$ cat final.cif   # mmCIF, C-alpha atoms (C1' of nucleotides)
data_query
#
loop_
_atom_site.label_atom_id
_atom_site.label_comp_id
_atom_site.auth_asym_id
_atom_site.auth_seq_id
_atom_site.Cartn_x
_atom_site.Cartn_y
_atom_site.Cartn_z
CA MET G 86 -8.72 -2.08 -23.38
CA GLN G 87 -12.37 -2.26 -22.51
CA ASP G 88 -11.41 -4.64 -19.72
CA SER G 89 -9.59 -2.14 -17.59
CA LYS G 90 -12.42 0.38 -17.72
CA LYS G 91 -14.89 -2.30 -16.76
CA ILE G 92 -12.76 -3.36 -13.84
CA LEU G 93 -12.66 0.21 -12.58
CA SER G 94 -16.36 0.94 -12.96
CA ASP G 95 -17.32 -2.41 -11.48
CA ASN G 96 -15.43 -1.37 -8.39
CA ASN G 97 -16.81 2.17 -8.21
CA VAL G 98 -13.48 3.74 -8.90
CA SER G 99 -13.22 6.69 -11.23
CA ILE G 100 -11.84 5.93 -14.65
CA THR G 101 -8.62 7.81 -15.21
CA ASN G 102 -5.82 7.45 -17.70
CA PRO G 103 -3.13 6.40 -15.21
CA ARG G 104 -5.41 3.74 -13.78
CA ILE G 105 -6.16 2.38 -17.23
CA LEU G 106 -2.48 2.32 -18.13
CA VAL G 107 -1.48 0.51 -14.94
CA LEU G 108 -4.28 -2.02 -15.31
CA GLU G 109 -3.37 -2.69 -18.92
CA ALA G 110 0.26 -3.19 -17.98
CA LEU G 111 -0.83 -5.66 -15.31
CA LEU G 112 -3.30 -7.43 -17.58
CA GLY G 113 -0.51 -7.90 -20.10
CA ASN G 114 1.44 -10.04 -17.66
CA LYS G 115 0.49 -13.61 -17.02
CA ASN G 116 2.80 -13.91 -14.03
CA PRO G 117 3.57 -11.53 -11.17
CA ILE G 118 5.73 -8.53 -11.98
CA THR G 119 8.17 -6.46 -9.96
CA VAL G 120 7.01 -2.96 -9.06
CA ASP G 121 10.31 -1.83 -10.49
CA GLU G 122 9.59 -3.45 -13.84
CA LEU G 123 6.19 -1.82 -13.80
CA LEU G 124 7.79 1.54 -13.14
CA THR G 125 10.10 1.05 -16.12
CA LYS G 126 7.25 -0.11 -18.34
CA LEU G 127 5.21 2.98 -17.53
CA LYS G 128 8.06 5.49 -17.48
CA ASN G 129 6.95 8.75 -19.12
CA GLN G 130 3.36 7.60 -19.02
CA VAL G 131 2.58 7.55 -15.32
CA ALA G 132 4.38 9.44 -12.56
CA LYS G 133 6.10 7.36 -9.91
CA SER G 134 3.91 8.81 -7.16
CA THR G 135 0.82 8.08 -9.21
CA LEU G 136 1.88 4.52 -9.91
CA TYR G 137 2.25 3.83 -6.20
CA ARG G 138 -1.07 5.50 -5.54
CA VAL G 139 -2.84 3.50 -8.20
CA LEU G 140 -1.33 0.28 -6.86
CA SER G 141 -2.62 1.17 -3.43
CA ASP G 142 -6.06 1.90 -4.93
CA LEU G 143 -6.11 -1.51 -6.58
CA LYS G 144 -5.16 -3.16 -3.33
CA LYS G 145 -7.96 -1.31 -1.59
CA ILE G 146 -10.55 -2.70 -3.98
CA ASN G 147 -8.99 -6.12 -3.49
CA ILE G 148 -7.90 -6.92 -6.99
CA LEU G 149 -4.17 -6.62 -6.46
CA GLN G 150 -1.96 -8.90 -4.45
CA GLU G 151 1.47 -7.78 -3.29
CA PHE G 152 4.31 -9.92 -2.03
CA THR G 153 8.09 -10.11 -2.31
CA ASN G 154 10.41 -12.08 -4.55
CA LEU G 155 13.59 -13.88 -3.49
CA ASP G 156 15.52 -10.59 -3.63
CA ASN G 157 13.00 -8.97 -1.32
CA GLN G 158 11.68 -6.78 -4.09
CA SER G 159 8.01 -5.90 -4.17
CA VAL G 160 6.05 -7.98 -6.62
CA VAL G 161 2.53 -7.36 -7.73
CA GLU G 162 -0.17 -9.41 -9.41
CA LEU G 163 -3.68 -8.68 -10.55
CA LEU G 164 -6.16 -11.05 -8.97
CA LEU G 165 -9.62 -10.82 -10.48
CA ASP G 166 -12.69 -12.74 -9.36
CA THR G 167 -12.50 -14.68 -12.57
CA ASP G 168 -8.93 -15.84 -11.83
CA SER G 169 -8.62 -19.20 -10.20
CA HIS G 170 -6.95 -19.75 -6.85
CA HIS G 171 -3.24 -20.38 -7.28
CA HIS G 172 0.14 -20.31 -5.61
CA HIS G 173 3.65 -19.36 -6.66
CA LEU G 174 6.80 -21.07 -7.77
CA PHE G 175 10.00 -19.05 -7.33
CA CYS G 176 13.12 -19.83 -9.35
CA SER G 177 16.31 -18.90 -7.52
CA ASP G 178 18.30 -19.05 -10.78
CA CYS G 179 16.41 -16.70 -13.03
CA GLY G 180 14.18 -14.97 -10.49
CA GLU G 181 11.01 -15.83 -12.34
CA ILE G 182 7.77 -16.31 -10.44
CA ILE G 183 5.27 -18.73 -11.92
CA ASP G 184 1.60 -19.22 -11.08
CA VAL G 185 0.76 -22.77 -10.00
CA GLU G 186 -2.56 -24.38 -9.39
CA MET G 187 -2.48 -27.15 -6.87
CA ALA G 188 -4.69 -30.21 -7.17
CA ASN G 189 -8.19 -29.81 -5.75
CA GLU G 190 -7.61 -32.75 -3.52
CA PHE G 191 -4.66 -30.97 -1.98
CA GLU G 192 -6.52 -27.71 -1.51
CA GLU G 193 -9.29 -29.57 0.29
CA LYS G 194 -6.77 -31.16 2.60
CA LEU G 195 -5.32 -27.73 3.23
CA SER G 196 -8.75 -26.29 4.05
CA LYS G 197 -9.31 -29.04 6.58
CA GLU G 198 -5.94 -28.48 8.15
CA ILE G 199 -6.62 -24.76 8.31
CA LYS G 200 -9.86 -25.45 10.15
CA ARG G 201 -7.93 -27.49 12.68
CA ILE G 202 -5.41 -24.66 13.13
CA GLU G 203 -8.22 -22.12 13.56
CA LYS G 204 -9.61 -24.10 16.47
CA LYS G 205 -6.26 -24.84 18.02
CA PHE G 206 -5.12 -21.20 17.98
CA ASN G 207 -8.55 -19.61 18.29
CA PHE G 208 -7.87 -17.78 15.09
CA ILE G 209 -10.04 -16.80 12.16
CA ILE G 210 -8.02 -17.55 9.06
CA GLU G 211 -9.16 -15.56 6.05
CA ASP G 212 -6.51 -16.30 3.50
CA HIS G 213 -3.44 -18.39 2.87
CA ARG G 214 -0.44 -18.33 0.59
CA LEU G 215 1.83 -21.17 -0.38
CA GLU G 216 5.23 -20.40 -1.85
CA LEU G 217 7.45 -22.99 -3.49
CA PHE G 218 11.15 -22.28 -3.90
CA GLY G 219 13.48 -24.02 -6.32
CA LYS G 220 15.03 -23.98 -9.73
CA CYS G 221 13.47 -24.37 -13.12
CA THR G 222 15.63 -26.94 -14.84
CA ASP G 223 14.90 -26.11 -18.46
CA LEU G 224 11.89 -23.94 -18.31
CA CYS G 225 13.22 -20.61 -19.46
CA GLU G 226 16.02 -19.16 -21.51
CA ASN G 227 17.52 -17.34 -18.49
CA CYS G 228 18.38 -20.55 -16.72
CA SER G 229 21.38 -22.53 -17.77
CA MET V 177 25.22 -17.85 26.21
CA GLN V 178 27.17 -20.91 25.34
CA ASP V 179 24.58 -21.62 22.67
CA SER V 180 25.38 -18.71 20.45
CA LYS V 181 29.12 -19.42 20.47
CA LYS V 182 28.47 -23.03 19.60
CA ILE V 183 26.24 -22.03 16.72
CA LEU V 184 28.96 -19.80 15.33
CA SER V 185 31.81 -22.28 15.68
CA ASP V 186 29.68 -25.12 14.32
CA ASN V 187 29.26 -23.03 11.20
CA ASN V 188 32.90 -21.99 10.89
CA VAL V 189 32.13 -18.38 11.53
CA SER V 190 34.43 -16.35 13.75
CA ILE V 191 33.10 -15.64 17.21
CA THR V 192 32.65 -11.92 17.71
CA ASN V 193 30.74 -9.88 20.22
CA PRO V 194 28.19 -8.42 17.79
CA ARG V 195 27.40 -11.87 16.44
CA ILE V 196 26.89 -13.24 19.92
CA LEU V 197 24.63 -10.32 20.84
CA VAL V 198 22.50 -10.69 17.74
CA LEU V 199 22.19 -14.44 18.19
CA GLU V 200 21.21 -14.05 21.82
CA ALA V 201 18.59 -11.50 20.90
CA LEU V 202 17.20 -13.90 18.32
CA LEU V 203 17.36 -16.90 20.63
CA GLY V 204 15.37 -14.93 23.17
CA ASN V 205 12.40 -14.75 20.82
CA LYS V 206 10.09 -17.64 20.31
CA ASN V 207 8.37 -16.05 17.32
CA PRO V 208 9.74 -14.05 14.39
CA ILE V 209 10.84 -10.51 15.11
CA THR V 210 10.96 -7.34 13.04
CA VAL V 211 14.42 -6.15 12.01
CA ASP V 212 13.36 -2.83 13.41
CA GLU V 213 12.58 -4.32 16.82
CA LEU V 214 15.94 -6.05 16.71
CA LEU V 215 17.63 -2.73 15.96
CA THR V 216 15.93 -1.16 18.95
CA LYS V 217 16.81 -4.08 21.20
CA LEU V 218 20.46 -3.83 20.28
CA LYS V 219 20.73 -0.06 20.16
CA ASN V 220 24.06 1.07 21.68
CA GLN V 221 25.31 -2.48 21.60
CA VAL V 222 25.65 -3.20 17.90
CA ALA V 223 25.99 -0.66 15.10
CA LYS V 224 23.20 -0.59 12.57
CA SER V 225 25.55 -1.49 9.73
CA THR V 226 26.93 -4.36 11.76
CA LEU V 227 23.48 -5.67 12.59
CA TYR V 228 22.59 -5.86 8.93
CA ARG V 229 25.92 -7.50 8.17
CA VAL V 230 25.48 -10.09 10.90
CA LEU V 231 21.97 -10.87 9.68
CA SER V 232 23.35 -11.42 6.22
CA ASP V 233 26.09 -13.67 7.68
CA LEU V 234 23.46 -15.74 9.44
CA LYS V 235 21.46 -16.05 6.26
CA LYS V 236 24.58 -17.19 4.43
CA ILE V 237 25.11 -20.05 6.87
CA ASN V 238 21.44 -20.89 6.51
CA ILE V 239 20.26 -20.45 10.04
CA LEU V 240 18.23 -17.32 9.50
CA GLN V 241 15.01 -16.98 7.59
CA GLU V 242 13.81 -13.61 6.40
CA PHE V 243 10.35 -12.68 5.19
CA THR V 244 7.92 -9.78 5.48
CA ASN V 245 5.00 -9.08 7.76
CA LEU V 246 1.64 -7.68 6.73
CA ASP V 247 3.05 -4.15 6.80
CA ASN V 248 5.84 -5.20 4.44
CA GLN V 249 8.43 -4.87 7.15
CA SER V 250 11.37 -7.24 7.22
CA VAL V 251 10.96 -10.01 9.73
CA VAL V 252 13.60 -12.43 10.83
CA GLU V 253 13.65 -15.78 12.56
CA LEU V 254 16.41 -18.10 13.67
CA LEU V 255 15.99 -21.54 12.16
CA LEU V 256 18.31 -24.12 13.65
CA ASP V 257 18.62 -27.76 12.61
CA THR V 258 17.05 -28.70 15.89
CA ASP V 259 13.96 -26.60 15.22
CA SER V 260 11.03 -28.41 13.74
CA HIS V 261 9.49 -27.52 10.42
CA HIS V 262 6.76 -24.94 10.83
CA HIS V 263 4.74 -22.25 9.12
CA HIS V 264 3.37 -18.86 10.11
CA LEU V 265 0.11 -17.37 11.23
CA PHE V 266 -0.23 -13.61 10.71
CA CYS V 267 -2.72 -11.55 12.73
CA SER V 268 -3.95 -8.50 10.83
CA ASP V 269 -5.23 -6.94 14.06
CA CYS V 270 -2.17 -6.95 16.28
CA GLY V 271 0.52 -7.72 13.72
CA GLU V 272 1.79 -10.71 15.61
CA ILE V 273 3.36 -13.63 13.76
CA ILE V 274 2.98 -17.04 15.33
CA ASP V 275 4.80 -20.28 14.54
CA VAL V 276 2.47 -23.13 13.58
CA GLU V 277 3.21 -26.78 13.05
CA MET V 278 0.92 -28.47 10.60
CA ALA V 279 -0.17 -32.06 11.05
CA ASN V 280 2.25 -34.65 9.68
CA GLU V 281 -0.48 -36.04 7.52
CA PHE V 282 -0.88 -32.68 5.89
CA GLU V 283 2.83 -32.18 5.34
CA GLU V 284 2.98 -35.58 3.68
CA LYS V 285 0.16 -34.62 1.36
CA LEU V 286 1.99 -31.40 0.59
CA SER V 287 5.20 -33.29 -0.22
CA LYS V 288 3.34 -35.48 -2.64
CA GLU V 289 1.69 -32.52 -4.29
CA ILE V 290 5.07 -30.81 -4.55
CA LYS V 291 6.47 -33.85 -6.34
CA ARG V 292 3.64 -33.62 -8.82
CA ILE V 293 4.35 -29.93 -9.39
CA GLU V 294 8.06 -30.63 -9.84
CA LYS V 295 7.30 -33.03 -12.68
CA LYS V 296 4.67 -30.87 -14.27
CA PHE V 297 6.86 -27.75 -14.33
CA ASN V 298 10.21 -29.51 -14.65
CA PHE V 299 11.28 -27.74 -11.50
CA ILE V 300 13.41 -28.79 -8.56
CA ILE V 301 11.62 -27.56 -5.46
CA GLU V 302 13.93 -27.16 -2.50
CA ASP V 303 11.76 -25.43 0.03
CA HIS V 304 8.26 -24.24 0.68
CA ARG V 305 6.52 -21.75 2.90
CA LEU V 306 2.91 -21.60 3.92
CA GLU V 307 1.50 -18.39 5.31
CA LEU V 308 -1.88 -18.14 7.01
CA PHE V 309 -3.56 -14.76 7.36
CA GLY V 310 -6.29 -13.89 9.79
CA LYS V 311 -7.18 -12.55 13.18
CA CYS V 312 -6.49 -13.93 16.59
CA THR V 313 -9.80 -13.73 18.38
CA ASP V 314 -8.63 -13.74 21.97
CA LEU V 315 -5.07 -14.78 21.78
CA CYS V 316 -3.25 -11.68 22.85
CA GLU V 317 -3.74 -8.55 24.83
CA ASN V 318 -3.29 -6.31 21.76
CA CYS V 319 -6.39 -7.61 20.07
CA SER V 320 -9.76 -6.39 21.11
"C1'" DC K 105 52.49 -12.29 21.58
"C1'" DA K 106 52.80 -10.71 16.64
"C1'" DA K 107 51.11 -10.62 12.12
"C1'" DT K 108 47.31 -10.75 9.17
"C1'" DA K 109 42.90 -11.12 7.67
"C1'" DA K 110 38.41 -10.37 9.01
"C1'" DA K 111 34.94 -7.73 11.41
"C1'" DT K 112 33.27 -3.46 13.21
"C1'" DG K 113 31.53 1.46 13.89
"C1'" DA K 114 30.20 5.74 12.23
"C1'" DG K 115 28.20 7.99 9.10
"C1'" DA K 116 27.70 8.87 4.02
"C1'" DA K 117 25.24 7.09 0.06
"C1'" DT K 118 21.45 4.79 -2.23
"C1'" DA K 119 16.91 3.31 -3.27
"C1'" DA K 120 12.08 2.28 -2.39
"C1'" DG K 121 8.21 4.35 -1.08
"C1'" DT K 122 5.45 8.43 0.75
"C1'" DC K 123 4.04 13.16 1.03
"C1'" DT K 124 2.96 17.96 -0.46
"C1'" DC K 125 0.76 21.10 -3.10
"C1'" DA K 126 -0.26 23.43 -7.26
"C1'" DT K 127 -2.56 21.94 -11.52
"C1'" DT K 128 -5.49 18.92 -14.16
"C1'" DT K 129 -9.28 15.81 -14.85
"C1'" DA K 130 -13.58 13.13 -14.02
"C1'" DT K 131 -18.14 13.24 -12.63
"C1'" DA K 132 -22.64 14.94 -11.59
"C1'" DA K 133 -25.97 18.57 -11.94
"C1'" DC K 134 -27.92 21.62 -14.66
"C1'" DG F 150 -22.67 20.75 -23.58
"C1'" DT F 151 -21.24 23.73 -19.55
"C1'" DT F 152 -19.99 24.36 -15.17
"C1'" DA F 153 -18.96 23.41 -10.34
"C1'" DT F 154 -16.72 20.44 -7.25
"C1'" DA F 155 -14.28 16.83 -5.56
"C1'" DA F 156 -10.94 13.69 -6.75
"C1'" DA F 157 -6.71 12.44 -9.08
"C1'" DT F 158 -2.32 13.62 -10.92
"C1'" DG F 159 2.66 15.19 -11.66
"C1'" DA F 160 6.85 16.80 -10.07
"C1'" DG F 161 9.88 16.70 -6.96
"C1'" DA F 162 10.95 17.07 -1.96
"C1'" DC F 163 11.13 14.06 1.89
"C1'" DT F 164 11.51 9.85 4.68
"C1'" DT F 165 13.13 5.48 5.92
"C1'" DA F 166 15.28 0.98 5.26
"C1'" DT F 167 19.35 -0.90 3.70
"C1'" DT F 168 24.02 -0.80 1.73
"C1'" DC F 169 28.56 1.04 1.26
"C1'" DT F 170 33.08 3.12 2.57
"C1'" DC F 171 37.00 3.36 5.05
"C1'" DA F 172 39.63 4.05 9.12
"C1'" DT F 173 40.01 1.42 13.42
"C1'" DT F 174 39.51 -2.67 16.20
"C1'" DT F 175 39.36 -7.56 17.00
"C1'" DA F 176 39.87 -12.63 16.27
"C1'" DT F 177 42.69 -16.20 14.80
"C1'" DT F 178 46.79 -18.64 13.56
"C1'" DG F 179 51.52 -19.62 13.98
#
$ encode --input "final.cif" --output "structure tokens"
Amino acid sequence: MQDSKKILSDNNVSITNPRILVLEALLGNKNPITVDELLTKLKNQVAKSTLYRVLSDLKKINILQEFTNLDNQSVVELLLDTDSHHHHLFCSDCGEIIDVEMANEFEEKLSKEIKRIEKKFNFIIEDHRLELFGKCTDLCENCS
Amino acid sequence: MQDSKKILSDNNVSITNPRILVLEALLGNKNPITVDELLTKLKNQVAKSTLYRVLSDLKKINILQEFTNLDNQSVVELLLDTDSHHHHLFCSDCGEIIDVEMANEFEEKLSKEIKRIEKKFNFIIEDHRLELFGKCTDLCENCS
DNA sequence: CAATAAATGAGAATAAGTCTCATTTATAAC
DNA sequence: GTTATAAATGAGACTTATTCTCATTTATTG
């Protein structure tokens, strides 16, 4: 509860009720969440237009990552400085998206390879994203 | 011209004019293309509803990959058996998406790391996708 | 070349996301 | 604490991407 206000003030964004509610909803989720699920969660608390605006605010201050799930739906995840670098595991059975940390050794290899690509393509690479697609065999109750 | 027909028959899909036109449009592009650009390209040749249906057909036979660009637009790329495994480089200046092959050594490291993740999460990982985000410094005429 | 199932075109329908504008709220100054 | 002002919000209209419907056309098989 205090968290969300701190996040906002730390980023010089005015503290409003909708912003607190959206942040709390996001903080309550370990894994990424569909914008649609967020809309449902906050129904009658935050207007649709406001939700989209707040999400765009959070993206602007660089604490929200947006991508798409296997059904091409928008998915959103809070990404605070304190959170560690991670990637995503997508289950094509149940649709779940799970945060995964890769081994340091691998990330170092990736950084080196990225440096090589930067030179080869004369590109400045600022960020990367690795997505793994498969099926969770017994992880969750949704999957047979 | 012969190519597109072969692709269709190889995949037991009936050979129709719209499918040939869409395939030829896709074959003509080295890099991924926006669905919207494809629509424009094929305006007056293929109905919008048909284009979307053909794209979904191609996805079903597993020769079309769909993802989103930095503006969250749908992007599409033909992915034939003969094509080599690659990833994507996104330029936030000009919006271009470029195919990139990573070094074999890196891909091997990635495979190993994926095996580790499979065990750790009890997951079967069937595919992966690596996206690199940055700016092309002098690559194209769009970028300053 | 006929019969039949599949594919298509045109446009209506849906859904995700954006925009508008009148009202409310947060912030900063007093 | 009040007040002034700019910023944020809510409600719903609007836009745009994608899907659906159904009458017509086309591909395939015998």
$ atom_distance --input "final.cif" --atom1 "atom CA of V:Arg292" --atom2 "atom CA of G:Ile182"
17.9 Å
$ closest_atom_pairs --input "final.cif" --of "chain F" --to "stretch 186-198 of chain V" --cutoff "12 Å" --atoms "all atoms listed in the file" --output "tab-separated table"
residue	atom	partner	partner_atom	distance
F:DT174	C1'	V:Thr192	CA	11.6
F:DT175	C1'	V:Thr192	CA	8.0
F:DA176	C1'	V:Ser190	CA	7.1
F:DT177	C1'	V:Ser190	CA	8.3
$ resolve_selection --input "final.cif" --expression "the PyMOL selection byres ((chain K) within 8 of (chain V))" --output "PDB file with C-alpha atoms (C1' of nucleotides), in the frame of the given file"
ATOM      1  C1'  DA K 111      34.940  -7.730  11.410  1.00  0.00           C
ATOM      2  C1'  DT K 112      33.270  -3.460  13.210  1.00  0.00           C
ATOM      3  C1'  DG K 113      31.530   1.460  13.890  1.00  0.00           C
TER       4       DG K 113
END
$ closest_residue --input "final.cif" --among "G:His213, G:Leu111, G:Asn207, G:Thr153" --to "V:His264" --atoms "only C-alpha atoms"
G:His213
$ interface_residues --input "final.cif" --of "chain G" --to "chain V" --cutoff "8 Å" --atoms "only C-alpha atoms" --output "PDB file with C-alpha atoms, in the frame of the given file"
ATOM      1  CA  THR G 153       8.090 -10.110  -2.310  1.00  0.00           C
ATOM      2  CA  ASN G 157      13.000  -8.970  -1.320  1.00  0.00           C
ATOM      3  CA  MET G 187      -2.480 -27.150  -6.870  1.00  0.00           C
ATOM      4  CA  ALA G 188      -4.690 -30.210  -7.170  1.00  0.00           C
ATOM      5  CA  PHE G 191      -4.660 -30.970  -1.980  1.00  0.00           C
ATOM      6  CA  LYS G 194      -6.770 -31.160   2.600  1.00  0.00           C
ATOM      7  CA  LEU G 195      -5.320 -27.730   3.230  1.00  0.00           C
ATOM      8  CA  GLU G 198      -5.940 -28.480   8.150  1.00  0.00           C
ATOM      9  CA  ILE G 202      -5.410 -24.660  13.130  1.00  0.00           C
ATOM     10  CA  PHE G 206      -5.120 -21.200  17.980  1.00  0.00           C
ATOM     11  CA  ASN G 207      -8.550 -19.610  18.290  1.00  0.00           C
ATOM     12  CA  PHE G 208      -7.870 -17.780  15.090  1.00  0.00           C
ATOM     13  CA  ILE G 209     -10.040 -16.800  12.160  1.00  0.00           C
ATOM     14  CA  ILE G 210      -8.020 -17.550   9.060  1.00  0.00           C
ATOM     15  CA  GLU G 211      -9.160 -15.560   6.050  1.00  0.00           C
ATOM     16  CA  ASP G 212      -6.510 -16.300   3.500  1.00  0.00           C
ATOM     17  CA  HIS G 213      -3.440 -18.390   2.870  1.00  0.00           C
ATOM     18  CA  ARG G 214      -0.440 -18.330   0.590  1.00  0.00           C
ATOM     19  CA  LEU G 215       1.830 -21.170  -0.380  1.00  0.00           C
ATOM     20  CA  GLU G 216       5.230 -20.400  -1.850  1.00  0.00           C
ATOM     21  CA  LEU G 217       7.450 -22.990  -3.490  1.00  0.00           C
ATOM     22  CA  PHE G 218      11.150 -22.280  -3.900  1.00  0.00           C
ATOM     23  CA  GLY G 219      13.480 -24.020  -6.320  1.00  0.00           C
ATOM     24  CA  LYS G 220      15.030 -23.980  -9.730  1.00  0.00           C
ATOM     25  CA  CYS G 221      13.470 -24.370 -13.120  1.00  0.00           C
ATOM     26  CA  THR G 222      15.630 -26.940 -14.840  1.00  0.00           C
ATOM     27  CA  ASP G 223      14.900 -26.110 -18.460  1.00  0.00           C
ATOM     28  CA  LEU G 224      11.890 -23.940 -18.310  1.00  0.00           C
TER      29      LEU G 224
END
$ residues_around --input "final.cif" --residues "K:DT129" --least-positions-apart "2" --cutoff "10 Å" --atoms "only C-alpha atoms (C1' of nucleotides)" --output "PDB file with C-alpha atoms (C1' of nucleotides), in the coordinates of the input"
ATOM      1  CA  THR G 101      -8.620   7.810 -15.210  1.00  0.00           C
ATOM      2  CA  ASN G 102      -5.820   7.450 -17.700  1.00  0.00           C
TER       3      ASN G 102
ATOM      4  C1'  DT K 127      -2.560  21.940 -11.520  1.00  0.00           C
ATOM      5  C1'  DT K 131     -18.140  13.240 -12.630  1.00  0.00           C
TER       6       DT K 131
ATOM      7  C1'  DA F 156     -10.940  13.690  -6.750  1.00  0.00           C
ATOM      8  C1'  DA F 157      -6.710  12.440  -9.080  1.00  0.00           C
ATOM      9  C1'  DT F 158      -2.320  13.620 -10.920  1.00  0.00           C
TER      10       DT F 158
END
$ atom_distance --input "final.cif" --atom1 "atom CA of G:Glu193" --atom2 "atom CA of G:Asp166"
19.7 Å
$ axis_aligned_box --input "final.cif" --around "stretch 144-154 of chain G" --padding-each-side "8 Å" --output "AutoDock Vina command-line options"
--center_x -0.1 --center_y -6.7 --center_z -4.3 --size_x 37.0 --size_y 26.8 --size_z 21.4
$ residues_around --input "final.cif" --residues "K:DC123" --least-positions-apart "4" --cutoff "9 Å" --atoms "all atoms listed in the file" --output "PyMOL selection string"
chain F and resi 162-164
$ decode --input "final.cif" --residues "chain F" --atoms "C-alpha atoms (C1' of nucleotides)" --output "PDB file, in the first residue's frame"
ATOM      1  C1'  DG F 150      -6.313  25.348   5.827  1.00  0.00           C
ATOM      2  C1'  DT F 151      -7.834  27.820   1.509  1.00  0.00           C
ATOM      3  C1'  DT F 152      -7.532  28.778  -2.987  1.00  0.00           C
ATOM      4  C1'  DA F 153      -5.874  28.814  -7.729  1.00  0.00           C
ATOM      5  C1'  DT F 154      -4.255  26.137 -11.417  1.00  0.00           C
ATOM      6  C1'  DA F 155      -2.831  22.453 -13.919  1.00  0.00           C
ATOM      7  C1'  DA F 156      -3.316  17.757 -14.277  1.00  0.00           C
ATOM      8  C1'  DA F 157      -6.052  13.590 -14.068  1.00  0.00           C
ATOM      9  C1'  DT F 158     -10.352  11.268 -14.443  1.00  0.00           C
ATOM     10  C1'  DG F 159     -14.918   9.188 -16.069  1.00  0.00           C
ATOM     11  C1'  DA F 160     -18.175   8.277 -19.428  1.00  0.00           C
ATOM     12  C1'  DG F 161     -18.983   7.240 -23.564  1.00  0.00           C
ATOM     13  C1'  DA F 162     -18.180   8.289 -28.518  1.00  0.00           C
ATOM     14  C1'  DC F 163     -14.928   7.041 -31.943  1.00  0.00           C
ATOM     15  C1'  DT F 164     -11.369   4.490 -34.488  1.00  0.00           C
ATOM     16  C1'  DT F 165      -9.045   0.619 -36.204  1.00  0.00           C
ATOM     17  C1'  DA F 166      -7.661  -4.212 -36.455  1.00  0.00           C
ATOM     18  C1'  DT F 167      -9.595  -8.523 -36.845  1.00  0.00           C
ATOM     19  C1'  DT F 168     -13.397 -11.857 -37.199  1.00  0.00           C
ATOM     20  C1'  DC F 169     -17.765 -13.392 -38.876  1.00  0.00           C
ATOM     21  C1'  DT F 170     -21.648 -14.240 -42.145  1.00  0.00           C
ATOM     22  C1'  DC F 171     -23.493 -15.737 -46.130  1.00  0.00           C
ATOM     23  C1'  DA F 172     -24.251 -15.676 -50.967  1.00  0.00           C
ATOM     24  C1'  DT F 173     -21.222 -16.627 -54.900  1.00  0.00           C
ATOM     25  C1'  DT F 174     -17.169 -18.567 -57.037  1.00  0.00           C
ATOM     26  C1'  DT F 175     -13.508 -21.862 -57.543  1.00  0.00           C
ATOM     27  C1'  DA F 176     -10.689 -26.131 -56.976  1.00  0.00           C
ATOM     28  C1'  DT F 177     -10.646 -30.911 -56.840  1.00  0.00           C
ATOM     29  C1'  DT F 178     -12.115 -35.568 -57.519  1.00  0.00           C
ATOM     30  C1'  DG F 179     -14.389 -39.061 -59.992  1.00  0.00           C
TER      31       DG F 179
END
